[in-house]
Amino acid sequence: MSERQWNIWSQQVRSRLGNLVEIGEVKHSRGGMTRFRYLRRHALVVLTRGEGHYEDERGRDVSLSAGDWILVFPELGHCYRPLRPGGWDEVYVMFEGPVFETWRQQRLLDPDQPTGRLADPEGWLAEFHRTVLDEKAGPLSRVCAFQTLLAAAVEGANLEMGASSGGPAWFGDACRLLARPGTDVEEAAKELGVAYETFRRQFRGHAGVPPHRYHRQQLVNLAARMLDSTDMKSAEIARTLGFCDEAYFSRVFKKLTGRSPRAYRKRQESR
């Protein structure tokens, strides 16, 4: 069994708007939280590997897997843990301050919604590393970057990673092309007027992942929404999204979400 690794990346990122008290990761979590606990501040926890459960004193009991997030509220007793010791990895941000109190007052941080799922886990994590962990950026910039990521989490939205985030003019168009079913990466580069190798290298530099992986993640995100909102069977979803067959679709979906399409739909229906 792998031993737990706890890495603290940053502490006390202070601004007049608010503070990022601690930013870090836990790998191979032991799952030792056996009773409700209370923290003195808010925290956002994002699972990057594995699966488990979240419970709180309001009676919520939710299954979790990679790509899900947990919001910790100071006044709400809670407990979360992996299914098996060492069974998940997570990144977290503890935060507090006036701007986040405004979020609370406007119900943008809502104790009735302590868990959810990222629309684009890989894109979200790439932007997290690029902005919130940027030691060269000022505290205010990092706090504002975290608010953007927090908003994307609670709204279940994709991050807009176009020219506004420093990418070249073609980058936003590339993200939109790669979000479509049936897109061929080489054809996308050609349509954008960029040599394929240049496109592949520069896209990865801005998005944090290669274009083919970004495209695959977008298809899985779309498949998850179809599983949530339609009665379409996995085979029909696979055909609609351009997968060669249902078995391959199921393998890709499970690799990126931690669950098969059937298990994912069952889990969503039980919420």
# chains A, B, ... in the order shown; residues from 1 in each chain; ligands from 1
>>> residues_around(residues="Gln202 in chain A", least_positions_apart="4", cutoff="12 Å", atoms="only C-alpha atoms", output="compact mmCIF listing (two decimals) with N, CA and C atoms, in the first residue's frame")
# COMPACT_ATOMS: atom_id res chain seq x y z
N GLY A 167 -3.83 32.98 -24.60
CA GLY A 167 -3.57 32.12 -25.73
C GLY A 167 -3.52 32.91 -27.02
N PRO A 168 -2.99 32.32 -28.08
CA PRO A 168 -2.98 32.99 -29.38
C PRO A 168 -4.39 33.12 -29.93
N ALA A 169 -4.53 33.87 -31.01
CA ALA A 169 -5.86 34.17 -31.54
C ALA A 169 -6.62 32.91 -31.92
N TRP A 170 -5.91 31.86 -32.38
CA TRP A 170 -6.59 30.66 -32.84
C TRP A 170 -6.99 29.71 -31.70
N PHE A 171 -6.53 29.99 -30.46
CA PHE A 171 -6.70 29.01 -29.40
C PHE A 171 -8.16 28.80 -29.01
N ALA A 174 -9.77 26.78 -31.55
CA ALA A 174 -9.32 25.40 -31.45
C ALA A 174 -10.11 24.66 -30.37
N ALA A 189 -6.26 21.49 -37.12
CA ALA A 189 -5.08 22.32 -37.34
C ALA A 189 -5.10 22.94 -38.73
N VAL A 194 -2.78 26.31 -39.14
CA VAL A 194 -1.58 26.11 -38.33
C VAL A 194 -1.00 24.74 -38.66
N ALA A 195 0.32 24.67 -38.87
CA ALA A 195 0.96 23.38 -39.11
C ALA A 195 0.68 22.44 -37.95
N TYR A 196 0.42 21.14 -38.26
CA TYR A 196 -0.03 20.22 -37.22
C TYR A 196 0.92 20.15 -36.03
N GLU A 197 2.23 19.97 -36.28
CA GLU A 197 3.16 19.85 -35.17
C GLU A 197 3.21 21.13 -34.34
N THR A 198 3.13 22.27 -35.01
CA THR A 198 3.09 23.54 -34.27
C THR A 198 1.81 23.63 -33.45
N HIS A 206 -0.62 25.80 -23.99
CA HIS A 206 -1.65 26.69 -23.45
C HIS A 206 -2.72 25.95 -22.66
N ALA A 207 -3.07 24.75 -23.10
CA ALA A 207 -4.15 24.01 -22.42
C ALA A 207 -3.63 23.08 -21.33
N GLY A 208 -2.34 22.72 -21.40
CA GLY A 208 -1.79 21.80 -20.41
C GLY A 208 -1.96 20.35 -20.78
N VAL A 209 -2.69 20.07 -21.86
CA VAL A 209 -2.90 18.69 -22.34
C VAL A 209 -2.81 18.71 -23.86
N PRO A 210 -2.45 17.58 -24.50
CA PRO A 210 -2.42 17.53 -25.97
C PRO A 210 -3.82 17.69 -26.54
N PRO A 211 -3.93 18.14 -27.80
CA PRO A 211 -5.26 18.37 -28.38
C PRO A 211 -6.12 17.11 -28.45
>>> closest_atom_pairs(of="range 118-216 of chain A", to="range 81-95 of chain A", cutoff="10 Å", atoms="only C-alpha atoms", output="CSV")
residue,atom,partner,partner_atom,distance
A:Leu125,CA,A:Val91,CA,9.1
A:Phe128,CA,A:Val91,CA,9.8
A:Val132,CA,A:Val93,CA,9.6
A:Val143,CA,A:Phe95,CA,9.2
A:Phe146,CA,A:Val93,CA,8.8
>>> write_last_selection(atoms="N, CA and C atoms", output="PDB file, in the first residue's frame")
ATOM      1  N   LEU A 125      -7.898  21.587 -13.855  1.00  0.00           N
ATOM      2  CA  LEU A 125      -6.637  21.377 -13.142  1.00  0.00           C
ATOM      3  C   LEU A 125      -5.474  22.072 -13.846  1.00  0.00           C
ATOM      4  N   PHE A 128      -5.769  25.648 -12.909  1.00  0.00           N
ATOM      5  CA  PHE A 128      -5.403  25.758 -11.491  1.00  0.00           C
ATOM      6  C   PHE A 128      -3.883  25.843 -11.342  1.00  0.00           C
ATOM      7  N   VAL A 132      -3.441  29.747 -10.178  1.00  0.00           N
ATOM      8  CA  VAL A 132      -3.481  29.806  -8.708  1.00  0.00           C
ATOM      9  C   VAL A 132      -2.127  29.460  -8.103  1.00  0.00           C
ATOM     10  N   VAL A 143      -5.904  35.291  -6.090  1.00  0.00           N
ATOM     11  CA  VAL A 143      -7.225  35.196  -5.470  1.00  0.00           C
ATOM     12  C   VAL A 143      -8.318  35.311  -6.531  1.00  0.00           C
ATOM     13  N   PHE A 146      -8.510  32.129  -8.516  1.00  0.00           N
ATOM     14  CA  PHE A 146      -9.214  31.082  -7.766  1.00  0.00           C
ATOM     15  C   PHE A 146     -10.722  31.294  -7.831  1.00  0.00           C
TER      16      PHE A 146
END
>>> closest_residue(among="A:Leu76, A:Asp173, A:Thr102, A:Leu133", to="Glu22 in chain A", atoms="only C-alpha atoms")
A:Leu133
>>> atom_distance(atom1="CA of Arg265 in chain A", atom2="CA of Ile70 in chain A")
19.8 Å
>>> atom_distance(atom1="CA of His129 in chain A", atom2="CA of Ala66 in chain A")
17.1 Å
>>> closest_residue(among="A:Glu135, A:Glu236, A:Glu25, A:Asp61", to="Trp6 in chain A", atoms="only C-alpha atoms")
A:Glu25
>>> closest_residue(among="A:Arg60, A:Arg104, A:Lys27, A:Lys266", to="His42 in chain A", atoms="only C-alpha atoms")
A:Arg104
>>> closest_residue(among="A:Cys79, A:Leu39, A:Val252, A:Ala145", to="Glu55 in chain A", atoms="only C-alpha atoms")
A:Cys79
>>> closest_residue(among="A:Gly205, A:Gly258, A:Gly77, A:Gly18", to="Leu64 in chain A", atoms="only C-alpha atoms")
A:Gly258
>>> select_by_dssp(residues="range 64-162 of chain A", states="alpha helix (DSSP H)", output="MDAnalysis selection string")
chainID A and resid 98:105 121:127 139:155
>>> write_last_selection(atoms="N, CA and C atoms", output="JSON list (two decimals), in the first residue's frame")
[["chain", "number", "residue", "atom", "x", "y", "z"],
["A", 98, "PRO", "N", -13.42, 38.75, 2.94],
["A", 98, "PRO", "CA", -14.66, 39.47, 2.62],
["A", 98, "PRO", "C", -15.30, 39.08, 1.30],
["A", 99, "VAL", "N", -14.50, 38.84, 0.26],
["A", 99, "VAL", "CA", -15.12, 38.52, -1.02],
["A", 99, "VAL", "C", -15.88, 37.20, -0.95],
["A", 100, "PHE", "N", -15.38, 36.25, -0.17],
["A", 100, "PHE", "CA", -16.05, 34.96, -0.07],
["A", 100, "PHE", "C", -17.27, 35.04, 0.84],
["A", 101, "GLU", "N", -17.27, 36.00, 1.78],
["A", 101, "GLU", "CA", -18.48, 36.24, 2.56],
["A", 101, "GLU", "C", -19.58, 36.80, 1.66],
["A", 102, "THR", "N", -19.20, 37.62, 0.67],
["A", 102, "THR", "CA", -20.18, 38.10, -0.31],
["A", 102, "THR", "C", -20.74, 36.93, -1.12],
["A", 103, "TRP", "N", -19.87, 36.02, -1.50],
["A", 103, "TRP", "CA", -20.34, 34.81, -2.19],
["A", 103, "TRP", "C", -21.39, 34.10, -1.34],
["A", 104, "ARG", "N", -21.14, 33.99, -0.04],
["A", 104, "ARG", "CA", -22.09, 33.32, 0.85],
["A", 104, "ARG", "C", -23.41, 34.07, 0.91],
["A", 105, "GLN", "N", -23.34, 35.40, 1.04],
["A", 105, "GLN", "CA", -24.55, 36.21, 1.15],
["A", 105, "GLN", "C", -25.42, 36.09, -0.09],
["A", 121, "PRO", "N", -12.55, 18.35, -15.94],
["A", 121, "PRO", "CA", -11.54, 18.18, -14.88],
["A", 121, "PRO", "C", -10.11, 18.47, -15.33],
["A", 122, "GLU", "N", -9.72, 17.96, -16.50],
["A", 122, "GLU", "CA", -8.34, 18.18, -16.94],
["A", 122, "GLU", "C", -8.08, 19.65, -17.22],
["A", 123, "GLY", "N", -9.03, 20.32, -17.89],
["A", 123, "GLY", "CA", -8.87, 21.74, -18.17],
["A", 123, "GLY", "C", -8.84, 22.56, -16.89],
["A", 124, "TRP", "N", -9.71, 22.21, -15.94],
["A", 124, "TRP", "CA", -9.76, 22.92, -14.66],
["A", 124, "TRP", "C", -8.43, 22.79, -13.93],
["A", 125, "LEU", "N", -7.90, 21.59, -13.86],
["A", 125, "LEU", "CA", -6.64, 21.38, -13.14],
["A", 125, "LEU", "C", -5.47, 22.07, -13.85],
["A", 126, "ALA", "N", -5.49, 22.08, -15.18],
["A", 126, "ALA", "CA", -4.43, 22.77, -15.92],
["A", 126, "ALA", "C", -4.47, 24.27, -15.61],
["A", 127, "GLU", "N", -5.67, 24.85, -15.57],
["A", 127, "GLU", "CA", -5.79, 26.27, -15.26],
["A", 127, "GLU", "C", -5.44, 26.55, -13.80],
["A", 139, "PRO", "N", -0.68, 38.43, -5.20],
["A", 139, "PRO", "CA", -1.74, 37.79, -4.41],
["A", 139, "PRO", "C", -3.14, 38.07, -4.95],
["A", 140, "LEU", "N", -3.39, 39.32, -5.36],
["A", 140, "LEU", "CA", -4.72, 39.66, -5.86],
["A", 140, "LEU", "C", -5.05, 38.86, -7.12],
["A", 141, "SER", "N", -4.06, 38.74, -8.02],
["A", 141, "SER", "CA", -4.27, 37.97, -9.24],
["A", 141, "SER", "C", -4.59, 36.52, -8.92],
["A", 142, "ARG", "N", -3.91, 35.96, -7.93],
["A", 142, "ARG", "CA", -4.13, 34.56, -7.59],
["A", 142, "ARG", "C", -5.49, 34.35, -6.93],
["A", 143, "VAL", "N", -5.90, 35.29, -6.09],
["A", 143, "VAL", "CA", -7.23, 35.20, -5.47],
["A", 143, "VAL", "C", -8.32, 35.31, -6.53],
["A", 144, "CYS", "N", -8.15, 36.23, -7.49],
["A", 144, "CYS", "CA", -9.13, 36.38, -8.56],
["A", 144, "CYS", "C", -9.16, 35.14, -9.46],
["A", 145, "ALA", "N", -7.98, 34.57, -9.72],
["A", 145, "ALA", "CA", -7.93, 33.35, -10.53],
["A", 145, "ALA", "C", -8.66, 32.21, -9.83],
["A", 146, "PHE", "N", -8.51, 32.13, -8.52],
["A", 146, "PHE", "CA", -9.21, 31.08, -7.77],
["A", 146, "PHE", "C", -10.72, 31.29, -7.83],
["A", 147, "GLN", "N", -11.17, 32.54, -7.78],
["A", 147, "GLN", "CA", -12.61, 32.79, -7.88],
["A", 147, "GLN", "C", -13.16, 32.32, -9.23],
["A", 148, "THR", "N", -12.39, 32.51, -10.29],
["A", 148, "THR", "CA", -12.82, 32.03, -11.60],
["A", 148, "THR", "C", -12.98, 30.52, -11.60],
["A", 149, "LEU", "N", -12.02, 29.82, -10.99],
["A", 149, "LEU", "CA", -12.09, 28.36, -10.92],
["A", 149, "LEU", "C", -13.22, 27.90, -10.00],
["A", 150, "LEU", "N", -13.43, 28.62, -8.91],
["A", 150, "LEU", "CA", -14.52, 28.30, -8.00],
["A", 150, "LEU", "C", -15.86, 28.46, -8.71],
["A", 151, "ALA", "N", -15.99, 29.54, -9.49],
["A", 151, "ALA", "CA", -17.23, 29.76, -10.24],
["A", 151, "ALA", "C", -17.46, 28.65, -11.25],
["A", 152, "ALA", "N", -16.40, 28.23, -11.95],
["A", 152, "ALA", "CA", -16.55, 27.14, -12.93],
["A", 152, "ALA", "C", -16.99, 25.86, -12.25],
["A", 153, "ALA", "N", -16.51, 25.63, -11.03],
["A", 153, "ALA", "CA", -16.90, 24.42, -10.30],
["A", 153, "ALA", "C", -18.37, 24.47, -9.91],
["A", 154, "VAL", "N", -18.79, 25.54, -9.22],
["A", 154, "VAL", "CA", -20.15, 25.56, -8.68],
["A", 154, "VAL", "C", -21.19, 25.71, -9.78],
["A", 155, "GLU", "N", -20.81, 26.29, -10.93],
["A", 155, "GLU", "CA", -21.76, 26.42, -12.03],
["A", 155, "GLU", "C", -21.74, 25.22, -12.96]]
>>> select_by_dssp(residues="range 54-214 of chain A", states="strand (DSSP E or B)", output="number ranges by chain")
A: 54-56, 61-65, 68-72, 78-82, 88-96, 115-117
>>> write_last_selection(atoms="C-alpha atoms", output="PDB file, in the first residue's frame")
ATOM      1  CA  TYR A  54     -19.072  12.487   1.449  1.00  0.00           C
ATOM      2  CA  GLU A  55     -21.453  12.816   4.412  1.00  0.00           C
ATOM      3  CA  ASP A  56     -22.609  15.769   6.509  1.00  0.00           C
ATOM      4  CA  ASP A  61     -24.518  10.969   1.704  1.00  0.00           C
ATOM      5  CA  VAL A  62     -22.939  11.212  -1.750  1.00  0.00           C
ATOM      6  CA  SER A  63     -20.663   8.929  -3.746  1.00  0.00           C
ATOM      7  CA  LEU A  64     -17.610  10.636  -5.235  1.00  0.00           C
ATOM      8  CA  SER A  65     -15.106   9.897  -7.991  1.00  0.00           C
ATOM      9  CA  ASP A  68     -15.905  15.626  -8.302  1.00  0.00           C
ATOM     10  CA  TRP A  69     -15.490  18.487  -5.836  1.00  0.00           C
ATOM     11  CA  ILE A  70     -16.377  19.075  -2.184  1.00  0.00           C
ATOM     12  CA  LEU A  71     -17.053  22.458  -0.569  1.00  0.00           C
ATOM     13  CA  VAL A  72     -16.336  22.606   3.149  1.00  0.00           C
ATOM     14  CA  HIS A  78     -18.835  16.857   7.522  1.00  0.00           C
ATOM     15  CA  CYS A  79     -16.892  13.681   6.791  1.00  0.00           C
ATOM     16  CA  TYR A  80     -15.346  12.445   3.543  1.00  0.00           C
ATOM     17  CA  ARG A  81     -13.156   9.473   2.817  1.00  0.00           C
ATOM     18  CA  PRO A  82     -12.018   7.131   0.024  1.00  0.00           C
ATOM     19  CA  TRP A  88      -7.872   8.684  -3.733  1.00  0.00           C
ATOM     20  CA  ASP A  89      -5.792  11.777  -4.499  1.00  0.00           C
ATOM     21  CA  GLU A  90      -7.003  15.346  -4.044  1.00  0.00           C
ATOM     22  CA  VAL A  91      -6.018  18.984  -4.419  1.00  0.00           C
ATOM     23  CA  TYR A  92      -7.440  21.548  -2.008  1.00  0.00           C
ATOM     24  CA  VAL A  93      -7.627  25.273  -1.289  1.00  0.00           C
ATOM     25  CA  MET A  94      -8.567  26.690   2.116  1.00  0.00           C
ATOM     26  CA  PHE A  95      -9.938  30.218   1.755  1.00  0.00           C
ATOM     27  CA  GLU A  96     -11.544  33.052   3.723  1.00  0.00           C
ATOM     28  CA  THR A 115     -20.604  18.580  -3.724  1.00  0.00           C
ATOM     29  CA  GLY A 116     -20.633  18.619  -7.505  1.00  0.00           C
ATOM     30  CA  ARG A 117     -18.690  17.704 -10.610  1.00  0.00           C
TER      31      ARG A 117
END
>>> atom_distance(atom1="CA of Ser29 in chain A", atom2="CA of Val13 in chain A")
25.1 Å
>>> closest_residue(among="A:Glu51, A:Asp228, A:Glu57, A:Asp184", to="Gly242 in chain A", atoms="only C-alpha atoms")
A:Asp184
